[in-house]
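Chemist: Have a peek at protein-v8.cif (mmCIF, C-alpha atoms).
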data_model
#
loop_
_atom_site.label_atom_id
_atom_site.label_comp_id
_atom_site.auth_asym_id
_atom_site.auth_seq_id
_atom_site.Cartn_x
_atom_site.Cartn_y
_atom_site.Cartn_z
CA MET M 1 75.61 58.35 57.71
CA SER M 2 78.57 60.40 58.83
CA THR M 3 80.93 59.14 61.49
CA GLU M 4 80.12 62.26 63.49
CA HIS M 5 76.51 61.09 63.57
CA GLU M 6 77.51 57.64 64.84
CA ASP M 7 79.96 59.08 67.36
CA VAL M 8 77.37 61.42 68.84
CA ARG M 9 74.63 58.79 68.80
CA ASP M 10 76.86 56.50 70.88
CA LEU M 11 77.49 59.33 73.33
CA LEU M 12 73.88 60.31 73.95
CA ALA M 13 73.24 58.11 76.99
CA ALA M 14 76.47 59.24 78.67
CA TRP M 15 75.50 62.81 77.77
CA ALA M 16 72.01 62.38 79.30
CA PHE M 17 73.57 61.01 82.51
CA GLY M 18 75.94 64.00 82.61
CA ALA M 19 78.87 61.59 82.24
CA LEU M 20 80.76 63.12 79.32
CA PRO M 21 84.24 64.57 79.67
CA ALA M 22 84.26 68.33 78.95
CA ALA M 23 85.80 67.99 75.48
CA GLU M 24 83.11 65.62 74.23
CA ARG M 25 80.28 67.55 75.88
CA ARG M 26 80.70 70.31 73.29
CA THR M 27 80.23 68.04 70.28
CA VAL M 28 76.70 66.94 71.22
CA PRO M 29 74.58 70.15 70.99
CA ALA M 30 76.15 71.11 67.64
CA HIS M 31 75.11 67.79 66.12
CA LEU M 32 71.65 67.81 67.69
CA ALA M 33 70.86 71.08 65.93
CA ASP M 34 71.35 69.33 62.58
CA CYS M 35 70.07 65.81 63.24
CA GLU M 36 66.43 65.20 63.96
CA SER M 37 66.72 61.52 64.93
CA CYS M 38 69.55 62.19 67.42
CA ALA M 39 67.65 65.19 68.82
CA ALA M 40 64.58 63.01 69.44
CA GLU M 41 66.65 60.26 71.06
CA ALA M 42 68.51 62.84 73.19
CA GLU M 43 65.22 64.32 74.37
CA ARG M 44 63.84 60.89 75.29
CA LEU M 45 66.97 59.88 77.24
CA ARG M 46 67.29 63.27 78.97
CA GLU M 47 63.65 63.11 80.04
CA THR M 48 64.23 59.62 81.47
CA VAL M 49 67.13 60.90 83.58
CA ARG M 50 65.00 63.88 84.69
CA ILE M 51 62.32 61.50 85.95
CA LEU M 52 64.97 59.38 87.65
CA ASP M 53 66.07 62.57 89.45
CA GLY M 54 62.52 62.93 90.79
CA PRO M 55 60.69 66.20 91.48
CA PRO M 56 62.96 69.12 92.41
CA GLY M 57 63.70 69.88 96.06
CA ALA M 58 63.63 67.51 99.04
CA ALA M 59 66.36 65.27 97.66
CA ASN M 60 69.17 67.65 98.57
CA GLY M 61 69.22 66.17 102.04
CA SER M 62 70.62 67.50 105.27
CA GLN M 63 73.67 66.35 107.14
CA GLU M 64 73.46 62.90 108.60
CA SER M 65 72.41 62.72 112.19
CA GLY M 66 75.49 60.84 113.43
CA GLY M 67 75.82 57.37 114.87
CA ALA M 68 75.67 55.85 111.40
CA LEU M 69 77.68 52.82 112.46
CA ALA M 70 75.84 52.15 115.71
CA LEU M 71 73.63 49.45 114.17
CA ALA M 72 76.65 47.74 112.60
CA LEU M 73 78.51 47.57 115.90
CA ARG M 74 75.43 46.21 117.66
CA THR M 75 75.17 43.34 115.18
CA ARG M 76 78.79 42.30 115.64
CA PRO M 77 81.29 43.44 118.26
CA ALA M 78 84.64 44.76 117.03
CA ALA M 79 87.65 42.49 117.48
CA PRO M 80 89.67 43.21 120.60
CA ARG M 81 93.28 44.23 120.14
CA VAL M 82 95.56 41.19 120.36
CA ALA M 83 99.29 40.72 120.86
CA PRO M 84 101.21 40.67 117.54
CA HIS M 85 102.18 37.00 117.87
CA ALA M 86 98.50 35.98 118.21
CA ALA M 87 97.24 38.11 115.29
CA PRO M 88 97.34 35.38 112.58
CA TYR M 89 95.38 33.00 114.80
CA ALA M 90 92.85 35.70 115.73
CA ALA M 91 92.44 36.59 112.02
CA ALA M 92 91.77 32.95 111.11
CA VAL M 93 89.17 32.59 113.87
CA ALA M 94 87.48 35.86 112.84
CA GLY M 95 87.38 34.69 109.22
CA LEU M 96 85.71 31.42 110.18
CA GLN M 97 83.18 33.22 112.37
CA SER M 98 82.27 35.53 109.46
CA LEU M 99 81.79 32.57 107.15
CA LEU M 100 79.61 30.88 109.73
CA ARG M 101 77.41 33.99 110.06
CA SER M 102 77.00 34.20 106.29
CA TRP M 103 76.13 30.52 106.14
CA THR M 104 73.59 30.74 108.96
CA ALA M 105 71.91 33.74 107.32
CA LEU M 106 71.81 31.95 103.97
CA GLU M 107 70.33 28.84 105.53
CA ARG M 108 67.66 30.90 107.30
CA GLY M 109 66.79 32.50 103.96
CA VAL M 110 66.43 29.11 102.27
CA ARG M 111 64.32 27.75 105.07
CA ARG M 112 62.05 30.80 105.00
CA SER M 113 61.49 30.61 101.26
CA CYS M 114 60.87 26.84 101.48
CA THR M 115 58.07 27.33 104.01
CA THR M 116 56.37 29.84 101.71
CA GLY M 117 56.43 27.24 98.96
CA THR M 118 58.97 28.88 96.67
CA CYS M 119 62.02 26.76 97.38
CA THR M 120 64.76 28.85 95.81
CA ALA M 121 68.09 29.94 97.20
CA PRO M 122 68.16 33.65 98.09
CA SER M 123 70.29 35.81 95.79
CA PRO M 124 73.23 37.70 97.35
CA ILE M 125 71.86 41.20 96.64
CA MET D 126 87.90 42.29 87.19
CA GLU D 127 91.10 42.85 89.14
CA PRO D 128 90.30 43.68 92.77
CA THR D 129 91.95 46.89 93.91
CA LEU D 130 94.54 46.33 96.59
CA ALA D 131 92.82 48.86 98.83
CA ASP D 132 89.47 47.05 98.61
CA ALA D 133 91.03 43.63 99.25
CA GLU D 134 92.95 44.95 102.24
CA LEU D 135 89.90 46.72 103.68
CA HIS D 136 87.90 43.55 103.22
CA ARG D 137 90.52 41.48 105.05
CA ARG D 138 90.36 43.91 107.99
CA LEU D 139 86.54 43.92 107.97
CA VAL D 140 86.49 40.12 108.12
CA TYR D 141 88.89 40.31 111.04
CA GLY D 142 86.54 42.69 112.86
CA ASP D 143 88.79 45.74 112.76
CA GLU D 144 86.51 48.62 113.73
CA SER D 145 88.85 51.21 112.24
CA ALA D 146 88.39 49.57 108.80
CA LEU D 147 84.64 50.09 109.11
CA GLY D 148 85.30 53.74 109.97
CA GLU D 149 87.50 54.11 106.88
CA VAL D 150 84.88 52.56 104.61
CA TYR D 151 82.28 54.91 106.04
CA ALA D 152 84.55 57.94 105.60
CA ALA D 153 85.13 56.98 101.96
CA TYR D 154 81.64 55.86 100.94
CA GLY D 155 79.19 57.09 103.61
CA ALA D 156 78.27 60.18 101.56
CA LEU D 157 77.72 58.11 98.40
CA VAL D 158 75.53 55.58 100.21
CA ARG D 159 73.46 58.32 101.83
CA GLY D 160 73.25 60.26 98.57
CA VAL D 161 71.88 57.25 96.71
CA ALA D 162 69.37 56.60 99.50
CA VAL D 163 68.21 60.24 99.67
CA ARG D 164 67.80 60.35 95.89
CA VAL D 165 65.46 57.36 96.01
CA THR D 166 63.62 57.85 99.32
CA ARG D 167 63.64 61.69 99.26
CA SER D 168 63.82 61.54 103.04
CA PRO D 169 67.02 62.28 104.99
CA ALA D 170 65.73 60.24 107.93
CA ALA D 171 65.01 57.22 105.73
CA ALA D 172 68.41 57.64 104.09
CA ASP D 173 70.06 57.48 107.52
CA ASP D 174 68.23 54.20 108.21
CA VAL D 175 69.24 52.76 104.85
CA ALA D 176 72.88 53.76 105.41
CA GLN D 177 72.81 52.12 108.85
CA GLU D 178 71.52 48.88 107.32
CA VAL D 179 74.03 48.92 104.48
CA PHE D 180 77.04 49.31 106.76
CA ALA D 181 75.60 46.84 109.25
CA GLN D 182 75.34 44.27 106.47
CA LEU D 183 78.91 44.88 105.33
CA TRP D 184 80.15 44.61 108.91
CA SER D 185 78.12 41.63 110.09
CA ARG D 186 78.45 39.62 106.86
CA PRO D 187 81.62 40.82 105.12
CA TYR D 188 81.80 37.74 102.88
CA ALA D 189 78.74 38.97 100.97
CA PHE D 190 81.20 41.38 99.32
CA ASP D 191 83.71 39.74 96.99
CA ALA D 192 86.56 42.03 95.92
CA ARG D 193 87.16 39.87 92.82
CA ARG D 194 83.67 40.54 91.50
CA GLY D 195 83.52 44.31 91.80
CA SER D 196 84.63 47.36 93.72
CA LEU D 197 83.46 48.19 97.21
CA ARG D 198 82.18 51.52 95.86
CA THR D 199 79.76 49.97 93.36
CA TRP D 200 78.80 47.17 95.75
CA LEU D 201 77.81 49.62 98.50
CA SER D 202 76.07 51.94 96.04
CA MET D 203 74.01 49.10 94.55
CA LEU D 204 73.13 47.69 97.97
CA ALA D 205 72.02 51.16 99.16
CA HIS D 206 69.90 51.58 96.05
CA ARG D 207 68.22 48.20 96.44
CA ARG D 208 67.46 48.87 100.12
CA ALA D 209 66.15 52.36 99.37
CA VAL D 210 63.82 51.07 96.64
CA ASP D 211 62.52 48.43 99.08
CA TRP D 212 61.96 51.14 101.69
CA VAL D 213 59.90 53.32 99.33
CA ARG D 214 57.82 50.37 98.14
CA SER D 215 56.98 49.21 101.65
CA GLU D 216 56.25 52.80 102.66
CA ALA D 217 53.85 53.17 99.71
CA ARG D 218 52.07 49.94 100.66
CA HIS D 219 51.81 51.06 104.26
CA ARG D 220 50.39 54.46 103.26
CA LYS D 221 47.79 52.79 101.10
CA ASP D 222 46.69 50.55 104.00
CA VAL D 223 46.43 53.49 106.38
CA ARG D 224 44.43 55.49 103.88
CA ALA D 225 42.03 52.59 103.40
CA ASP D 226 41.47 52.42 107.18
CA ASP D 227 41.05 56.17 107.47
CA SER D 228 38.54 56.49 104.69
CA ALA D 229 36.21 54.08 106.48
CA LEU D 230 36.11 56.43 109.48
CA HIS D 231 36.13 59.86 107.97
CA ALA D 232 36.64 60.97 104.42
CA ILE D 233 39.26 63.64 105.05
CA PRO D 234 41.77 64.15 102.27
CA ASP D 235 45.49 63.82 102.99
CA ALA D 236 46.73 66.60 105.25
CA ALA D 237 49.46 67.85 102.94
CA PRO D 238 49.40 66.16 99.59
CA GLY D 239 51.80 67.55 97.03
CA PRO D 240 50.37 68.90 93.81
CA ASP D 241 49.17 66.06 91.58
CA GLU D 242 52.10 66.59 89.28
CA THR D 243 54.58 65.92 92.10
CA VAL D 244 52.79 62.73 93.12
CA VAL D 245 52.84 61.46 89.55
CA ASP D 246 56.52 62.42 89.18
CA ARG D 247 57.34 60.49 92.32
CA GLU D 248 55.53 57.42 91.14
CA ARG D 249 57.29 57.52 87.80
CA SER D 250 60.61 58.07 89.55
CA LEU D 251 60.01 55.01 91.74
CA LEU D 252 59.06 53.02 88.66
CA LEU D 253 62.38 53.93 87.07
CA HIS D 254 64.40 53.20 90.20
CA THR D 255 62.70 49.81 90.47
CA ALA D 256 63.61 49.09 86.85
CA LEU D 257 67.16 50.29 87.51
CA ALA D 258 67.50 47.90 90.45
CA GLU D 259 66.57 45.06 88.12
CA LEU D 260 69.06 45.82 85.34
CA PRO D 261 71.79 43.23 84.73
CA GLY D 262 74.76 43.75 87.08
CA PRO D 263 77.28 44.92 84.46
CA GLN D 264 74.90 47.65 83.24
CA ARG D 265 73.95 48.64 86.76
CA GLU D 266 77.57 49.09 87.78
CA VAL D 267 78.27 51.63 85.03
CA VAL D 268 75.04 53.52 85.75
CA HIS D 269 75.93 53.71 89.44
CA LEU D 270 79.38 55.10 88.70
CA ALA D 271 78.12 57.58 86.09
CA TYR D 272 74.88 58.68 87.71
CA PHE D 273 75.35 58.37 91.46
CA ALA D 274 79.14 58.59 91.83
CA GLY D 275 79.51 61.35 89.23
CA ARG D 276 82.14 59.60 87.10
CA THR D 277 82.53 60.23 83.37
CA TYR D 278 82.03 57.15 81.22
CA ARG D 279 85.81 57.08 80.68
CA GLN D 280 86.55 57.11 84.41
CA ALA D 281 83.91 54.43 84.92
CA ALA D 282 85.57 52.27 82.25
CA VAL D 283 88.95 52.56 84.00
CA GLU D 284 87.41 51.79 87.39
CA LEU D 285 85.62 48.71 86.05
CA GLY D 286 88.54 47.56 83.91
CA ILE D 287 86.45 47.55 80.70
CA PRO D 288 86.96 49.29 77.31
CA GLU D 289 85.47 52.79 76.99
CA GLY D 290 83.24 51.64 74.14
CA THR D 291 81.76 48.97 76.40
CA ALA D 292 81.02 51.52 79.12
CA LYS D 293 79.23 53.73 76.56
CA THR D 294 77.24 50.78 75.20
CA ARG D 295 76.20 49.62 78.66
CA LEU D 296 75.02 53.12 79.60
CA ARG D 297 73.05 53.26 76.39
CA SER D 298 71.42 49.84 76.80
CA ALA D 299 70.59 50.64 80.42
CA LEU D 300 69.05 54.04 79.75
CA ARG D 301 67.06 52.77 76.78
CA LYS D 302 65.67 49.97 78.89
CA LEU D 303 64.66 52.48 81.57
CA ALA D 304 62.99 54.68 78.95
CA GLU D 305 61.07 51.65 77.69
CA SER D 306 59.91 50.73 81.18
CA LEU D 307 58.25 54.17 81.38
CA ALA D 308 56.49 53.66 78.08
CA ASP D 309 55.36 50.19 79.10
CA PRO D 310 54.86 50.15 82.90
CA PRO D 311 54.35 46.80 84.64
CA ASP D 312 50.80 45.74 85.46
CA PRO D 313 50.00 47.12 88.94
CA ALA D 314 47.98 44.00 89.79
CA LEU D 315 50.96 41.79 89.07
CA GLU D 316 53.17 44.16 91.05
CA ARG D 317 50.97 43.79 94.12
CA GLY D 318 51.02 40.02 93.85
CA ALA D 319 54.83 39.91 93.62
#
Please render this file's structure as structure tokens.
Modeler:
Amino acid sequence: MSTEHEDVRDLLAAWAFGALPAAERRTVPAHLADCESCAAEAERLRETVRILDGPPGAANGSQESGGALALALRTRPAAPRVAPHAAPYAAAVAGLQSLLRSWTALERGVRRSCTTGTCTAPSPI
Amino acid sequence: MEPTLADAELHRRLVYGDESALGEVYAAYGALVRGVAVRVTRSPAAADDVAQEVFAQLWSRPYAFDARRGSLRTWLSMLAHRRAVDWVRSEARHRKDVRADDSALHAIPDAAPGPDETVVDRERSLLLHTALAELPGPQREVVHLAYFAGRTYRQAAVELGIPEGTAKTRLRSALRKLAESLADPPDPALERGA
């Protein structure tokens, strides 16, 4: 086993994701021409990324339609501007309110899952 | 990992309710979030909805993001991906229900079905994205930076504060696991029950 073989083998996933720096990108095809096991692995990983990409077309997407933050601002009003001397107090109050919202949402989640019989805490994401 | 100063400061302003901070986050990451959502849903309109939800969640519950546990970029990207996968799955369920209703009335085939190959490709793509959403967090982060955010594995390592070798290994473990999930798809009956 040459070190070149091991080096390239370790790079194959990054290569398949298109995440190799230019200098390293060149070393892969040269090795694949000589190494059957790396060529097979490269093909398998590349094919997986191709399927992840999905069928061609459609996914190129158009420009967004605007108003992307409208929903956010409906769920919580922005803080009003305050005088500089009141800013620390306003920041502390806003922090507590955010915590309270997180807590309420978490509690709702727990209660919902308890009523369905699976009494587990909801995961963050 | 060390939180970046910029992320920590943005987070502080989001908690405070500073609307301009939300605008800055959107300017920096809106395209990434939408790009992830379009890649998964293949629908610009659905991607807009997903992006709206993602930024609404960040804004209404900013403490869900913890700058000490990861960057805002990867957090938003992973949240967008999770939401987009959920959207496609609920859409697929809904379509199946509608088709079942329709077929009782009149057996007309779908108006504009893609060629069979495209349908199969889409299903396999969704299968992979579902598997991706379930990868362990550390692997998912590197995949998001390399695949969705277009970073090299070296840049991803710097951004995550991990050795380059670790970034390479995580990409490899992640992609191998995805390849295996294709070879051994989950039982559809179990999937429906979940």
Chemist: For a quick check of understanding, using all atoms listed in the file, which of D:Ala162, D:Leu252, D:Ala292, D:Leu147 has the smallest distance to Ser185 of chain D?
Modeler: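 Closest to Ser185 of chain D, using all atoms listed in the file: D:Leu147.
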Chemist: Mind dumping a table of every chain M residue within 8 Å of chain D, with the nearest atom pair and its distance in Å to one decimal, using all atoms listed in the file, sorted by chain and rising number, as JSON lines?
Modeler:
{"residue": "M:Asp10", "atom": "CA", "partner": "D:Lys293", "partner_atom": "CA", "distance": 6.7}
{"residue": "M:Leu11", "atom": "CA", "partner": "D:Lys293", "partner_atom": "CA", "distance": 6.7}
{"residue": "M:Leu12", "atom": "CA", "partner": "D:Arg297", "partner_atom": "CA", "distance": 7.5}
{"residue": "M:Ala13", "atom": "CA", "partner": "D:Arg297", "partner_atom": "CA", "distance": 4.9}
{"residue": "M:Ala14", "atom": "CA", "partner": "D:Leu296", "partner_atom": "CA", "distance": 6.4}
{"residue": "M:Phe17", "atom": "CA", "partner": "D:Tyr272", "partner_atom": "CA", "distance": 5.8}
{"residue": "M:Gly18", "atom": "CA", "partner": "D:Tyr272", "partner_atom": "CA", "distance": 7.4}
{"residue": "M:Ala19", "atom": "CA", "partner": "D:Thr277", "partner_atom": "CA", "distance": 4.1}
{"residue": "M:Leu20", "atom": "CA", "partner": "D:Thr277", "partner_atom": "CA", "distance": 5.3}
{"residue": "M:Pro21", "atom": "CA", "partner": "D:Thr277", "partner_atom": "CA", "distance": 6.0}
{"residue": "M:Arg44", "atom": "CA", "partner": "D:Ala304", "partner_atom": "CA", "distance": 7.3}
{"residue": "M:Leu45", "atom": "CA", "partner": "D:Leu300", "partner_atom": "CA", "distance": 6.7}
{"residue": "M:Thr48", "atom": "CA", "partner": "D:Ala304", "partner_atom": "CA", "distance": 5.7}
{"residue": "M:Ile51", "atom": "CA", "partner": "D:Ser250", "partner_atom": "CA", "distance": 5.3}
{"residue": "M:Leu52", "atom": "CA", "partner": "D:Ser250", "partner_atom": "CA", "distance": 4.9}
{"residue": "M:Asp53", "atom": "CA", "partner": "D:Arg164", "partner_atom": "CA", "distance": 7.0}
{"residue": "M:Gly54", "atom": "CA", "partner": "D:Ser250", "partner_atom": "CA", "distance": 5.4}
{"residue": "M:Pro55", "atom": "CA", "partner": "D:Asp246", "partner_atom": "CA", "distance": 6.1}
{"residue": "M:Ala58", "atom": "CA", "partner": "D:Arg167", "partner_atom": "CA", "distance": 5.8}
{"residue": "M:Ala59", "atom": "CA", "partner": "D:Arg167", "partner_atom": "CA", "distance": 4.8}
{"residue": "M:Asn60", "atom": "CA", "partner": "D:Val163", "partner_atom": "CA", "distance": 7.6}
{"residue": "M:Gly61", "atom": "CA", "partner": "D:Pro169", "partner_atom": "CA", "distance": 5.4}
{"residue": "M:Ser62", "atom": "CA", "partner": "D:Pro169", "partner_atom": "CA", "distance": 6.3}
{"residue": "M:Glu64", "atom": "CA", "partner": "D:Asp173", "partner_atom": "CA", "distance": 6.5}
{"residue": "M:Ser65", "atom": "CA", "partner": "D:Asp173", "partner_atom": "CA", "distance": 7.4}
{"residue": "M:Ala68", "atom": "CA", "partner": "D:Gln177", "partner_atom": "CA", "distance": 5.3}
{"residue": "M:Leu69", "atom": "CA", "partner": "D:Gln177", "partner_atom": "CA", "distance": 6.1}
{"residue": "M:Ala70", "atom": "CA", "partner": "D:Gln177", "partner_atom": "CA", "distance": 7.5}
{"residue": "M:Leu71", "atom": "CA", "partner": "D:Ala181", "partner_atom": "CA", "distance": 5.9}
{"residue": "M:Ala72", "atom": "CA", "partner": "D:Ala181", "partner_atom": "CA", "distance": 3.6}
{"residue": "M:Leu73", "atom": "CA", "partner": "D:Ala181", "partner_atom": "CA", "distance": 7.3}
{"residue": "M:Thr75", "atom": "CA", "partner": "D:Ser185", "partner_atom": "CA", "distance": 6.1}
{"residue": "M:Arg76", "atom": "CA", "partner": "D:Ser185", "partner_atom": "CA", "distance": 5.6}
{"residue": "M:Pro77", "atom": "CA", "partner": "D:Gly142", "partner_atom": "CA", "distance": 7.6}
{"residue": "M:Ala78", "atom": "CA", "partner": "D:Gly142", "partner_atom": "CA", "distance": 5.0}
{"residue": "M:Ala79", "atom": "CA", "partner": "D:Gly142", "partner_atom": "CA", "distance": 4.8}
{"residue": "M:Ala90", "atom": "CA", "partner": "D:Tyr141", "partner_atom": "CA", "distance": 7.7}
{"residue": "M:Ala91", "atom": "CA", "partner": "D:Tyr141", "partner_atom": "CA", "distance": 5.2}
{"residue": "M:Ala92", "atom": "CA", "partner": "D:Tyr141", "partner_atom": "CA", "distance": 7.9}
{"residue": "M:Ala94", "atom": "CA", "partner": "D:Tyr141", "partner_atom": "CA", "distance": 5.0}
{"residue": "M:Gly95", "atom": "CA", "partner": "D:Val140", "partner_atom": "CA", "distance": 5.6}
{"residue": "M:Ser98", "atom": "CA", "partner": "D:Arg186", "partner_atom": "CA", "distance": 6.2}
{"residue": "M:Leu99", "atom": "CA", "partner": "D:Tyr188", "partner_atom": "CA", "distance": 6.7}
{"residue": "M:Arg101", "atom": "CA", "partner": "D:Arg186", "partner_atom": "CA", "distance": 6.6}
{"residue": "M:Ser102", "atom": "CA", "partner": "D:Arg186", "partner_atom": "CA", "distance": 5.6}
{"residue": "M:Pro124", "atom": "CA", "partner": "D:Ala189", "partner_atom": "CA", "distance": 6.7}
{"residue": "M:Ile125", "atom": "CA", "partner": "D:Leu204", "partner_atom": "CA", "distance": 6.7}
Chemist: So that I have them on file, write out the residues from the current selection with C-alpha atoms, as a PDB file, in the frame of the given file.
Modeler:
ATOM      1  CA  ASP M  10      76.860  56.500  70.880  1.00  0.00           C
ATOM      2  CA  LEU M  11      77.490  59.330  73.330  1.00  0.00           C
ATOM      3  CA  LEU M  12      73.880  60.310  73.950  1.00  0.00           C
ATOM      4  CA  ALA M  13      73.240  58.110  76.990  1.00  0.00           C
ATOM      5  CA  ALA M  14      76.470  59.240  78.670  1.00  0.00           C
ATOM      6  CA  PHE M  17      73.570  61.010  82.510  1.00  0.00           C
ATOM      7  CA  GLY M  18      75.940  64.000  82.610  1.00  0.00           C
ATOM      8  CA  ALA M  19      78.870  61.590  82.240  1.00  0.00           C
ATOM      9  CA  LEU M  20      80.760  63.120  79.320  1.00  0.00           C
ATOM     10  CA  PRO M  21      84.240  64.570  79.670  1.00  0.00           C
ATOM     11  CA  ARG M  44      63.840  60.890  75.290  1.00  0.00           C
ATOM     12  CA  LEU M  45      66.970  59.880  77.240  1.00  0.00           C
ATOM     13  CA  THR M  48      64.230  59.620  81.470  1.00  0.00           C
ATOM     14  CA  ILE M  51      62.320  61.500  85.950  1.00  0.00           C
ATOM     15  CA  LEU M  52      64.970  59.380  87.650  1.00  0.00           C
ATOM     16  CA  ASP M  53      66.070  62.570  89.450  1.00  0.00           C
ATOM     17  CA  GLY M  54      62.520  62.930  90.790  1.00  0.00           C
ATOM     18  CA  PRO M  55      60.690  66.200  91.480  1.00  0.00           C
ATOM     19  CA  ALA M  58      63.630  67.510  99.040  1.00  0.00           C
ATOM     20  CA  ALA M  59      66.360  65.270  97.660  1.00  0.00           C
ATOM     21  CA  ASN M  60      69.170  67.650  98.570  1.00  0.00           C
ATOM     22  CA  GLY M  61      69.220  66.170 102.040  1.00  0.00           C
ATOM     23  CA  SER M  62      70.620  67.500 105.270  1.00  0.00           C
ATOM     24  CA  GLU M  64      73.460  62.900 108.600  1.00  0.00           C
ATOM     25  CA  SER M  65      72.410  62.720 112.190  1.00  0.00           C
ATOM     26  CA  ALA M  68      75.670  55.850 111.400  1.00  0.00           C
ATOM     27  CA  LEU M  69      77.680  52.820 112.460  1.00  0.00           C
ATOM     28  CA  ALA M  70      75.840  52.150 115.710  1.00  0.00           C
ATOM     29  CA  LEU M  71      73.630  49.450 114.170  1.00  0.00           C
ATOM     30  CA  ALA M  72      76.650  47.740 112.600  1.00  0.00           C
ATOM     31  CA  LEU M  73      78.510  47.570 115.900  1.00  0.00           C
ATOM     32  CA  THR M  75      75.170  43.340 115.180  1.00  0.00           C
ATOM     33  CA  ARG M  76      78.790  42.300 115.640  1.00  0.00           C
ATOM     34  CA  PRO M  77      81.290  43.440 118.260  1.00  0.00           C
ATOM     35  CA  ALA M  78      84.640  44.760 117.030  1.00  0.00           C
ATOM     36  CA  ALA M  79      87.650  42.490 117.480  1.00  0.00           C
ATOM     37  CA  ALA M  90      92.850  35.700 115.730  1.00  0.00           C
ATOM     38  CA  ALA M  91      92.440  36.590 112.020  1.00  0.00           C
ATOM     39  CA  ALA M  92      91.770  32.950 111.110  1.00  0.00           C
ATOM     40  CA  ALA M  94      87.480  35.860 112.840  1.00  0.00           C
ATOM     41  CA  GLY M  95      87.380  34.690 109.220  1.00  0.00           C
ATOM     42  CA  SER M  98      82.270  35.530 109.460  1.00  0.00           C
ATOM     43  CA  LEU M  99      81.790  32.570 107.150  1.00  0.00           C
ATOM     44  CA  ARG M 101      77.410  33.990 110.060  1.00  0.00           C
ATOM     45  CA  SER M 102      77.000  34.200 106.290  1.00  0.00           C
ATOM     46  CA  PRO M 124      73.230  37.700  97.350  1.00  0.00           C
ATOM     47  CA  ILE M 125      71.860  41.200  96.640  1.00  0.00           C
TER      48      ILE M 125
END
Chemist: Could you jot down the atom CA of Ala105 of chain M to atom CA of Ala153 of chain D separation for me, Å, one decimal place?
Modeler: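 Separating atom CA of Ala105 of chain M from atom CA of Ala153 of chain D is a distance of 27.3 Å.
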Chemist: What's the separation between atom CA of Ala205 of chain D and atom CA of Val158 of chain D, in Å to one decimal place?
Modeler: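 According to the coordinates, atom CA of Ala205 of chain D and atom CA of Val158 of chain D are separated by 5.7 Å.
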Chemist: Interatomic distance between atom CA of Pro29 of chain M and atom CA of Glu289 of chain D?
Modeler: 21.4 Å
Chemist: Which of these residues is nearest to Ser37 of chain M, using all atoms listed in the file: M:Glu6, M:Thr104, M:Ala22, M:Arg81?
Modeler: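 Checking each of M:Glu6, M:Thr104, M:Ala22, M:Arg81 against Ser37 of chain M, counting all atoms listed in the file, the winner is M:Glu6.
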Chemist: I'd like the contact shell of His5 of chain M - 9 Å cut-off, all atoms listed in the file, skipping same-chain residues fewer than 5 positions apart - returned as a ChimeraX atom specification.
Modeler: /M:10,31,35,38
Chemist: Please determine, counting all atoms listed in the file, which residue among D:His219, D:Ala209, D:Gly195, D:Ala171 has the shortest atom-to-atom distance to Val267 of chain D.
Modeler: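 Closest to Val267 of chain D, using all atoms listed in the file: D:Gly195.
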